[in-house]
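Enquirer: You'll find query.pdb just under this line, and it carries PDB, C-alpha atoms.
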```pdb
ATOM      1  CA  MET A 283     113.759  37.562   2.917
ATOM      2  CA  LYS A 284     111.108  39.688   4.572
ATOM      3  CA  LEU A 285     109.053  39.549   1.361
ATOM      4  CA  LYS A 286     109.033  35.739   1.341
ATOM      5  CA  LYS A 287     107.883  35.589   4.944
ATOM      6  CA  ALA A 288     105.092  38.015   4.161
ATOM      7  CA  LEU A 289     103.884  35.936   1.210
ATOM      8  CA  ALA A 290     103.916  32.757   3.295
ATOM      9  CA  LEU A 291     101.914  34.447   5.993
ATOM     10  CA  ILE A 292      99.359  35.674   3.457
ATOM     11  CA  ILE A 293      98.985  32.132   2.013
ATOM     12  CA  ILE A 294      98.519  30.613   5.484
ATOM     13  CA  CYS A 295      95.913  33.203   6.338
ATOM     14  CA  ALA A 296      94.119  32.510   3.068
ATOM     15  CA  PHE A 297      93.929  28.782   3.880
ATOM     16  CA  VAL A 298      92.681  29.491   7.376
ATOM     17  CA  LEU A 299      90.095  31.956   6.081
ATOM     18  CA  THR A 300      88.969  29.421   3.413
ATOM     19  CA  GLY A 301      88.651  26.686   6.037
ATOM     20  CA  CYS A 302      86.659  28.962   8.299
ATOM     21  CA  ASN A 303      84.459  29.929   5.395
ATOM     22  CA  ASN A 304      83.861  26.222   4.523
ATOM     23  CA  ASP A 305      82.945  25.419   8.128
ATOM     24  CA  LYS A 306      80.560  28.333   8.184
ATOM     25  CA  LYS A 307      78.813  27.183   5.004
ATOM     26  CA  TYR A 308      78.746  23.565   6.234
ATOM     27  CA  ASN A 309      77.163  24.614   9.514
ATOM     28  CA  GLU A 310      74.606  26.784   7.717
ATOM     29  CA  TYR A 311      73.631  23.927   5.391
ATOM     30  CA  MET A 312      73.333  21.501   8.287
ATOM     31  CA  GLU A 313      71.213  23.902  10.359
ATOM     32  CA  ASN A 314      68.983  24.674   7.391
ATOM     33  CA  GLY A 315      68.669  20.969   6.631
ATOM     34  CA  GLU A 316      67.649  20.109  10.172
ATOM     35  CA  GLN A 317      65.151  22.976  10.191
ATOM     36  CA  ALA A 318      63.654  21.688   6.915
ATOM     37  CA  VAL A 319      63.242  18.213   8.464
ATOM     38  CA  LYS A 320      61.373  19.717  11.416
ATOM     39  CA  GLN A 321      59.063  21.470   8.962
ATOM     40  CA  GLU A 322      58.631  18.192   7.017
ATOM     41  CA  GLN A 323      60.180  19.759   3.912
ATOM     42  CA  TYR A 324      62.204  16.687   3.119
ATOM     43  CA  GLU A 325      63.261  17.467  -0.451
ATOM     44  CA  GLU A 326      64.735  20.785   0.686
ATOM     45  CA  ALA A 327      66.435  19.006   3.584
ATOM     46  CA  LEU A 328      68.085  16.612   1.135
ATOM     47  CA  ASP A 329      69.419  19.527  -0.898
ATOM     48  CA  TYR A 330      70.892  21.137   2.233
ATOM     49  CA  PHE A 331      72.598  17.947   3.380
ATOM     50  CA  GLU A 332      73.984  17.365  -0.121
ATOM     51  CA  SER A 333      75.409  20.895  -0.071
ATOM     52  CA  ALA A 334      76.918  20.180   3.351
ATOM     53  CA  LEU A 335      78.604  17.112   1.891
ATOM     54  CA  ASP A 336      79.980  19.283  -0.916
ATOM     55  CA  GLU A 337      81.636  21.372   1.757
ATOM     56  CA  LYS A 338      82.790  18.357   3.759
ATOM     57  CA  GLU A 339      82.947  15.303   1.573
ATOM     58  CA  GLY A 340      82.222  12.064   3.435
ATOM     59  CA  ASP A 341      81.123  13.833   6.604
ATOM     60  CA  ALA A 342      79.517  11.188   8.879
ATOM     61  CA  GLU A 343      76.768  13.408  10.306
ATOM     62  CA  ALA A 344      75.683  14.884   6.982
ATOM     63  CA  THR A 345      75.720  11.390   5.458
ATOM     64  CA  ALA A 346      73.619   9.951   8.311
ATOM     65  CA  LEU A 347      71.019  12.720   8.118
ATOM     66  CA  HIS A 348      70.914  12.511   4.323
ATOM     67  CA  GLU A 349      70.211   8.728   4.494
ATOM     68  CA  GLN A 350      67.582   9.238   7.194
ATOM     69  CA  VAL A 351      65.721  11.793   5.098
ATOM     70  CA  GLU A 352      65.852   9.536   2.027
ATOM     71  CA  LYS A 353      64.203   6.765   4.035
ATOM     72  CA  ILE A 354      61.650   9.192   5.474
ATOM     73  CA  MET A 355      60.629  10.064   1.926
ATOM     74  CA  GLN A 356      60.348   6.328   1.154
ATOM     75  CA  VAL A 357      58.137   5.942   4.240
ATOM     76  CA  GLU A 358      55.792   8.634   2.932
ATOM     77  CA  ALA A 359      55.591   6.895  -0.435
ATOM     78  CA  LYS A 360      54.734   3.594   1.266
ATOM     79  CA  MET A 361      52.059   5.321   3.303
ATOM     80  CA  LYS A 362      50.446   6.777   0.197
ATOM     81  CA  ALA A 363      50.363   3.276  -1.262
ATOM     82  CA  LYS A 364      48.860   2.010   2.050
ATOM     83  CA  LEU A 365      51.820  -0.315   2.527
ATOM     84  CA  TYR A 366      51.939   0.373   6.229
ATOM     85  CA  GLU A 367      53.865  -2.739   7.253
ATOM     86  CA  GLU A 368      56.718  -1.867   4.893
ATOM     87  CA  ALA A 369      56.608   1.747   6.045
ATOM     88  CA  ILE A 370      56.950   0.651   9.668
ATOM     89  CA  GLU A 371      59.976  -1.490   8.791
ATOM     90  CA  LEU A 372      61.668   1.545   7.196
ATOM     91  CA  CYS A 373      60.905   3.625  10.295
ATOM     92  CA  ASP A 374      62.605   0.988  12.433
ATOM     93  CA  GLU A 375      65.678   1.187  10.205
ATOM     94  CA  ILE A 376      65.812   4.950  10.756
ATOM     95  CA  LEU A 377      65.398   4.543  14.511
ATOM     96  CA  ALA A 378      68.298   2.077  14.561
ATOM     97  CA  SER A 379      70.638   4.469  12.704
ATOM     98  CA  GLN A 380      73.256   6.675  14.421
ATOM     99  CA  SER A 381      73.429  10.490  14.242
ATOM    100  CA  GLU A 382      74.212  13.347  16.615
ATOM    101  CA  SER A 383      71.069  15.192  15.590
ATOM    102  CA  THR A 384      67.717  13.587  16.507
ATOM    103  CA  VAL A 385      65.593  15.401  13.904
ATOM    104  CA  GLY A 386      65.466  12.405  11.563
ATOM    105  CA  ILE A 387      64.780   9.960  14.376
ATOM    106  CA  ASP A 388      62.064  12.209  15.823
ATOM    107  CA  ALA A 389      60.392  12.386  12.403
ATOM    108  CA  ALA A 390      60.605   8.588  12.073
ATOM    109  CA  LYS A 391      58.974   8.088  15.489
ATOM    110  CA  LYS A 392      56.092  10.326  14.508
ATOM    111  CA  LEU A 393      55.628   8.601  11.161
ATOM    112  CA  LYS A 394      55.800   5.149  12.742
ATOM    113  CA  ALA A 395      53.040   6.010  15.213
ATOM    114  CA  GLU A 396      50.906   7.281  12.339
ATOM    115  CA  CYS A 397      51.609   4.147  10.286
ATOM    116  CA  GLU A 398      50.649   1.874  13.153
ATOM    117  CA  LYS A 399      47.372   3.718  13.603
ATOM    118  CA  LEU A 400      46.589   3.590   9.892
ATOM    119  CA  LYS A 401      47.538  -0.078   9.743
ATOM    120  CA  GLU A 402      45.155  -0.894  12.578
ATOM    121  CA  GLU A 403      42.362   1.060  10.885
ATOM    122  CA  GLN A 404      43.083  -0.761   7.627
ATOM    123  CA  GLU A 405      42.982  -4.152   9.336
ATOM    124  CA  ASN A 406      39.745  -3.271  11.111
ATOM    125  CA  LEU A 407      38.180  -2.134   7.857
ATOM    126  CA  THR A 408      39.308  -5.277   6.060
ATOM    127  CA  PHE A 409      38.029  -7.435   8.921
ATOM    128  CA  ARG A 410      34.676  -5.642   8.970
ATOM    129  CA  GLU A 411      34.306  -6.020   5.209
ATOM    130  CA  ASP A 412      35.117  -9.716   5.539
ATOM    131  CA  ILE A 413      32.545 -10.175   8.318
ATOM    132  CA  GLU A 414      29.864  -8.352   6.313
ATOM    133  CA  LYS A 415      30.645 -10.497   3.268
ATOM    134  CA  ARG A 416      30.407 -13.706   5.265
ATOM    135  CA  ILE A 417      27.101 -12.656   6.859
ATOM    136  CA  SER A 418      25.738 -12.023   3.357
ATOM    137  CA  GLU A 419      26.887 -15.512   2.310
ATOM    138  CA  VAL A 420      25.039 -16.986   5.297
ATOM    139  CA  LYS A 421      21.853 -15.204   4.279
ATOM    140  CA  GLU A 422      22.176 -16.598   0.756
ATOM    141  CA  LEU A 423      22.532 -20.113   2.155
ATOM    142  CA  MET A 424      19.415 -19.586   4.234
ATOM    143  CA  LYS A 425      17.494 -18.483   1.153
ATOM    144  CA  LYS A 426      18.481 -21.807  -0.417
ATOM    145  CA  GLU A 427      17.298 -23.529   2.794
ATOM    146  CA  GLU A 428      20.815 -24.825   3.457
ATOM    147  CA  TYR A 429      20.326 -24.185   7.170
ATOM    148  CA  MET A 430      22.910 -26.602   8.523
ATOM    149  CA  ASN A 431      25.700 -25.123   6.402
ATOM    150  CA  ALA A 432      24.549 -21.619   7.328
ATOM    151  CA  LYS A 433      24.466 -22.509  11.029
ATOM    152  CA  VAL A 434      28.058 -23.741  10.969
ATOM    153  CA  LYS A 435      29.285 -20.583   9.244
ATOM    154  CA  ILE A 436      27.386 -18.337  11.675
ATOM    155  CA  GLY A 437      29.051 -20.163  14.566
ATOM    156  CA  TYR A 438      32.498 -19.295  13.238
ATOM    157  CA  ILE A 439      31.547 -15.639  12.776
ATOM    158  CA  ILE A 440      30.168 -15.370  16.308
ATOM    159  CA  ASP A 441      33.391 -16.848  17.714
ATOM    160  CA  GLU A 442      35.431 -14.175  15.914
ATOM    161  CA  ILE A 443      33.375 -11.114  16.914
ATOM    162  CA  SER A 444      31.979 -12.058  20.320
ATOM    163  CA  ASP A 445      34.841 -10.300  22.161
ATOM    164  CA  LYS A 446      34.902  -7.193  19.934
ATOM    165  CA  ALA A 447      32.990  -4.227  21.352
ATOM    166  CA  ASN A 448      32.679  -2.523  17.951
ATOM    167  CA  TYR A 449      30.741  -5.477  16.517
ATOM    168  CA  SER A 450      27.752  -5.560  18.861
ATOM    169  CA  ASN A 451      25.279  -4.962  16.000
ATOM    170  CA  GLU A 452      26.801  -7.675  13.847
ATOM    171  CA  LEU A 453      26.817 -10.023  16.845
ATOM    172  CA  LYS A 454      23.096  -9.463  17.471
ATOM    173  CA  GLU A 455      22.338 -10.061  13.793
ATOM    174  CA  CYS A 456      24.329 -13.310  13.776
ATOM    175  CA  GLU A 457      22.657 -14.541  16.947
ATOM    176  CA  GLN A 458      19.254 -13.923  15.366
ATOM    177  CA  LEU A 459      20.312 -15.739  12.194
ATOM    178  CA  LEU A 460      21.573 -18.622  14.314
ATOM    179  CA  LYS A 461      18.248 -18.795  16.134
ATOM    180  CA  THR A 462      16.353 -18.822  12.833
ATOM    181  CA  CYS A 463      18.538 -21.629  11.442
ATOM    182  CA  THR A 464      18.037 -23.701  14.585
ATOM    183  CA  GLU A 465      14.258 -23.223  14.415
ATOM    184  CA  LYS A 466      14.166 -24.141  10.729
ATOM    185  CA  LEU A 467      16.249 -27.259  11.311
ATOM    186  CA  ASP A 468      13.914 -28.290  14.130
ATOM    187  CA  GLU A 469      10.926 -27.801  11.833
ATOM    188  CA  ILE A 470      12.543 -29.918   9.124
ATOM    189  CA  SER A 471      13.440 -32.619  11.645
ATOM    190  CA  LYS A 472       9.889 -32.753  13.010
ATOM    191  CA  LYS A 473       8.454 -32.837   9.508
ATOM    192  CA  GLU A 474      10.733 -35.698   8.484
ATOM    193  CA  GLU A 475       9.847 -37.618  11.645
ATOM    194  CA  ALA A 476       6.144 -37.110  10.998
ATOM    195  CA  GLU A 477       6.560 -38.314   7.415
ATOM    196  CA  LYS A 478       8.403 -41.415   8.629
ATOM    197  CA  GLN A 479       5.669 -42.185  11.116
ATOM    198  CA  GLN A 480       3.004 -41.689   8.463
ATOM    199  CA  ALA A 481       4.889 -43.921   6.044
ATOM    200  CA  SER A 482       5.203 -46.576   8.731
ATOM    201  CA  THR A 483       1.481 -46.333   9.454
ATOM    202  CA  ASP A 484       0.671 -46.581   5.750
ATOM    203  CA  ASP A 485       2.902 -49.639   5.395
ATOM    204  CA  LYS A 486       1.197 -51.337   8.324
ATOM    205  CA  LYS A 487      -2.238 -50.623   6.844
ATOM    206  CA  GLU A 488      -1.131 -51.906   3.453
ATOM    207  CA  ASN A 489       0.278 -55.092   4.955
ATOM    208  CA  THR A 490      -2.898 -55.607   6.992
ATOM    209  CA  ASN A 491      -5.023 -55.175   3.886
ATOM    210  CA  LYS A 492      -2.837 -57.621   1.974
ATOM    211  CA  ASN A 493      -3.060 -60.192   4.755
ATOM    212  CA  ASP A 494      -6.822 -59.794   4.935
ATOM    213  CA  SER A 495      -7.063 -60.124   1.171
ATOM    214  CA  ASN A 496      -4.867 -63.210   1.144
ATOM    215  CA  LYS A 497      -6.875 -64.727   3.964
ATOM    216  CA  ASN A 498     -10.115 -64.057   2.149
ATOM    217  CA  ASN A 499      -8.704 -65.480  -1.055
ATOM    218  CA  GLY A 500      -7.536 -68.534   0.845
ATOM    219  CA  ASP A 501     -10.948 -69.024   2.383
ATOM    220  CA  ASN A 502     -12.567 -68.673  -1.009
ATOM    221  CA  ASN A 503     -10.162 -71.133  -2.529
ATOM    222  CA  ASP A 504     -10.791 -73.622   0.235
ATOM    223  CA  THR A 505     -14.522 -73.402  -0.288
ATOM    224  CA  SER A 506     -14.887 -72.781  -3.981
ATOM    225  CA  ASN A 507     -11.699 -73.600  -5.873
ATOM    226  CA  SER A 508     -10.215 -76.959  -5.049
ATOM    227  CA  ASP A 509      -8.071 -76.730  -8.192
ATOM    228  CA  TYR A 510      -5.835 -74.207  -6.282
ATOM    229  CA  GLU A 511      -4.265 -77.083  -4.370
ATOM    230  CA  ILE A 512      -0.646 -77.950  -5.220
ATOM    231  CA  ASP A 513      -0.449 -80.370  -8.158
ATOM    232  CA  PHE A 514       2.024 -82.870  -6.720
ATOM    233  CA  ASN A 515       2.581 -84.511 -10.072
ATOM    234  CA  ASP A 516       5.451 -86.490 -11.552
ATOM    235  CA  GLU A 517       7.147 -83.380 -12.919
ATOM    236  CA  LEU A 518       7.273 -81.742  -9.464
ATOM    237  CA  LYS A 519       8.531 -84.982  -7.895
ATOM    238  CA  LYS A 520      11.280 -85.126 -10.529
ATOM    239  CA  GLN A 521      12.344 -81.548  -9.730
ATOM    240  CA  ILE A 522      12.559 -82.403  -6.022
ATOM    241  CA  ALA A 523      14.698 -85.458  -6.765
ATOM    242  CA  VAL A 524      17.031 -83.438  -9.006
ATOM    243  CA  ALA A 525      17.432 -80.854  -6.237
ATOM    244  CA  GLY A 526      18.268 -83.606  -3.707
ATOM    245  CA  ALA A 527      20.947 -85.088  -5.941
ATOM    246  CA  ALA A 528      22.422 -81.637  -6.675
ATOM    247  CA  TYR A 529      22.967 -80.891  -2.976
ATOM    248  CA  VAL A 530      25.599 -83.642  -2.753
ATOM    249  CA  GLU A 531      28.027 -81.300  -4.483
ATOM    250  CA  PHE A 532      27.313 -78.610  -1.887
ATOM    251  CA  TYR A 533      27.927 -81.103   0.892
ATOM    252  CA  PHE A 534      31.511 -81.701  -0.189
ATOM    253  CA  GLU A 535      32.081 -77.929  -0.400
ATOM    254  CA  TYR A 536      30.416 -76.753   2.805
ATOM    255  CA  GLY A 537      29.196 -79.611   4.983
ATOM    256  CA  GLU A 538      31.852 -82.263   5.360
ATOM    257  CA  ASP A 539      31.904 -81.696   9.140
ATOM    258  CA  THR A 540      28.222 -82.664   9.261
ATOM    259  CA  ALA A 541      26.619 -86.065   8.842
ATOM    260  CA  PRO A 542      25.319 -86.420   5.249
ATOM    261  CA  SER A 543      21.803 -87.200   6.422
ATOM    262  CA  LYS A 544      21.702 -84.146   8.693
ATOM    263  CA  PHE A 545      23.049 -81.937   5.892
ATOM    264  CA  ALA A 546      20.423 -83.262   3.459
ATOM    265  CA  GLU A 547      17.647 -82.775   5.990
ATOM    266  CA  GLN A 548      18.637 -79.147   6.635
ATOM    267  CA  ALA A 549      19.007 -78.536   2.905
ATOM    268  CA  TYR A 550      15.484 -79.793   2.311
ATOM    269  CA  GLU A 551      14.066 -77.575   5.080
ATOM    270  CA  ASP A 552      15.769 -74.514   3.563
ATOM    271  CA  THR A 553      14.487 -75.367   0.092
ATOM    272  CA  GLU A 554      10.986 -76.232   1.234
ATOM    273  CA  ASN A 555      10.726 -72.968   3.166
ATOM    274  CA  ASP A 556      11.308 -71.111  -0.084
ATOM    275  CA  THR A 557       8.673 -73.211  -1.908
ATOM    276  CA  PRO A 558       6.244 -74.669   0.668
ATOM    277  CA  LEU A 559       4.629 -77.986  -0.313
ATOM    278  CA  GLY A 560       1.951 -77.881   2.330
ATOM    279  CA  GLU A 561       0.415 -81.321   2.880
ATOM    280  CA  TYR A 562       3.027 -82.842   0.558
ATOM    281  CA  LYS A 563       5.961 -81.678   2.672
ATOM    282  CA  GLU A 564       6.827 -85.081   4.128
ATOM    283  CA  GLU A 565       6.387 -86.858   0.823
ATOM    284  CA  GLY A 566       8.631 -84.287  -0.826
ATOM    285  CA  LYS A 567      11.202 -84.771   1.941
ATOM    286  CA  THR A 568      11.301 -88.521   1.316
ATOM    287  CA  ILE A 569      11.928 -87.986  -2.396
ATOM    288  CA  PHE A 570      14.643 -85.359  -1.679
ATOM    289  CA  MET A 571      16.442 -87.477   0.950
ATOM    290  CA  ASN A 572      16.403 -90.647  -1.190
ATOM    291  CA  ALA A 573      17.795 -88.763  -4.186
ATOM    292  CA  PHE A 574      20.519 -87.208  -2.020
ATOM    293  CA  LYS A 575      21.438 -90.610  -0.499
ATOM    294  CA  GLU A 576      21.607 -92.339  -3.877
ATOM    295  CA  ALA A 577      23.776 -89.598  -5.376
ATOM    296  CA  PHE A 578      25.977 -89.509  -2.253
ATOM    297  CA  GLU A 579      26.629 -93.263  -2.234
ATOM    298  CA  ALA A 580      27.420 -93.067  -5.932
ATOM    299  CA  THR A 581      30.507 -91.061  -4.973
ATOM    300  CA  GLY A 582      31.833 -94.051  -3.044
ATOM    301  CA  ASN A 583      31.301 -92.483   0.355
ATOM    302  CA  GLU A 584      29.369 -93.955   3.246
ATOM    303  CA  TYR A 585      26.000 -92.349   3.918
ATOM    304  CA  TYR A 586      24.988 -92.077   7.559
TER     305      TYR A 586
END
```
Would it be possible to restate this file's structure as structure tokens?
Expert:
Amino acid sequence: MKLKKALALIIICAFVLTGCNNDKKYNEYMENGEQAVKQEQYEEALDYFESALDEKEGDAEATALHEQVEKIMQVEAKMKAKLYEEAIELCDEILASQSESTVGIDAAKKLKAECEKLKEEQENLTFREDIEKRISEVKELMKKEEYMNAKVKIGYIIDEISDKANYSNELKECEQLLKTCTEKLDEISKKEEAEKQQASTDDKKENTNKNDSNKNNGDNNDTSNSDYEIDFNDELKKQIAVAGAAYVEFYFEYGEDTAPSKFAEQAYEDTENDTPLGEYKEEGKTIFMNAFKEAFEATGNEYY
């Protein structure tokens, strides 16, 4: 009986000693893991936390720290790839996680601050490169004398950098380019206006010369070429009569609200203005009106 009690006591002590030994190893692994995180030796930290989980499977604290370190390593990979926005999102996930130890969270805070700084520098560099590219495009437009297009683009650039202290040199350059474009556009405008005025002057001179020439020719014809007078012959009279008769059709289309005689009279004036008959105007009118009246009455309508 005493022997059985002794064996039981030995077994109990063995379990207690084993448990104490496991706790000791667990604590050592956890302490070493946290120390490795502080020293930014994240792969070693992972190994320590995995060993701690071997000692205490499913332990919440070891699991939390292990997951935090895994994400920290992902953050570093994102940073190397210059994917700072994604890295910041991972840092926020770490900061939102729960653990008794703050080593992982402290590391995430530090990395997040670094990511934000690098992201800002990246954005500034990208913005500066974009501004420099756009200024170069403006200069190319100016070389092609596309000053209006260049002026518009410069205006947009100035709006974007006018409140940025680090872009004072670029701002001065753009303001000078804008001034040059404005001056060139003014020069072009003045040149075009001068050309218009010159063209107008030339047209007036040409018209004056033509009028003088026509006047001289008319004087010459009056004095030396009586054959230039209109030949009011039978053929011309026939053409006038045909025109008068033809206008009856137009009357029924456009002039029924007007007296036929008034319509015919206006029609003759319009036609005669296009082909002046001079001294034969009244004679031509009589022929036109009579032909119109005859054709009109032939339709069975009263002429008045």
Enquirer: So which residues get picked by the PyMOL selection byres ((chain A and resi 331) around 9) here, written as a count of residues only?
Expert: 20
Enquirer: Which residue out of A:Glu428, A:Leu459, A:Arg416, A:Ile370 has the minimum interatomic distance to Glu442 (chain A) when only C-alpha atoms are used?
Expert: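 That would be A:Arg416, the residue with the smallest distance to Glu442 (chain A).
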Enquirer: Within 9 Å of region 360-365 of chain A, counting only C-alpha atoms, which residues qualify if same-chain residues fewer than 3 places away don't, as a count of residues only?
Expert: 10
Enquirer: Residues picked by the PyMOL selection byres ((chain A and resi 436) around 9) here, as a CSV table (one decimal) with C-alpha atoms, keeping the file's coordinate frame?
Expert:
```csv
chain,number,residue,atom,x,y,z
A,416,ARG,CA,30.4,-13.7,5.3
A,417,ILE,CA,27.1,-12.7,6.9
A,420,VAL,CA,25.0,-17.0,5.3
A,431,ASN,CA,25.7,-25.1,6.4
A,432,ALA,CA,24.5,-21.6,7.3
A,433,LYS,CA,24.5,-22.5,11.0
A,434,VAL,CA,28.1,-23.7,11.0
A,435,LYS,CA,29.3,-20.6,9.2
A,437,GLY,CA,29.1,-20.2,14.6
A,438,TYR,CA,32.5,-19.3,13.2
A,439,ILE,CA,31.5,-15.6,12.8
A,440,ILE,CA,30.2,-15.4,16.3
A,441,ASP,CA,33.4,-16.8,17.7
A,456,CYS,CA,24.3,-13.3,13.8
A,457,GLU,CA,22.7,-14.5,16.9
A,459,LEU,CA,20.3,-15.7,12.2
A,460,LEU,CA,21.6,-18.6,14.3
```
Enquirer: So what do you get for CA of Ile569 (chain A) versus CA of Phe514 (chain A), distance-wise?
Expert: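 Rounded to one decimal, the two atoms are 12.0 Å apart.
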Enquirer: To one decimal place in Å, what is the distance between CA of Ala378 (chain A) and CA of Lys320 (chain A)?
Expert: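 Computing it gives 19.2 Å between the two atoms.
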Enquirer: Please write as a list of chain:residue names the full residue list that the PyMOL selection byres ((chain A and resi 551) around 12) yields on this file.
Expert: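 On the file shown, the PyMOL selection byres ((chain A and resi 551) around 12) covers A:Gly526, A:Lys544, A:Phe545, A:Ala546, A:Glu547, A:Gln548, A:Ala549, A:Tyr550, A:Asp552, A:Thr553, A:Glu554, A:Asn555, A:Asp556, A:Thr557, A:Pro558, A:Leu559, A:Lys563, A:Glu564, A:Gly566, A:Lys567, A:Thr568, A:Phe570, A:Met571.
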Enquirer: For Ala395 (chain A), list every protein, DNA or RNA residue within 12 Å, evaluated using only C-alpha atoms, and leave out those in the same chain fewer than 3 positions away; present the list as a PyMOL selection string.
Expert: chain A and resi 361+366-367+369-370+373-374+388-392+398-402
Enquirer: Between CA of Glu422 (chain A) and CA of Lys461 (chain A), what is the distance, to one decimal in Å?
Expert: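 Pair CA of Glu422 (chain A) / CA of Lys461 (chain A) returns 16.0 Å.
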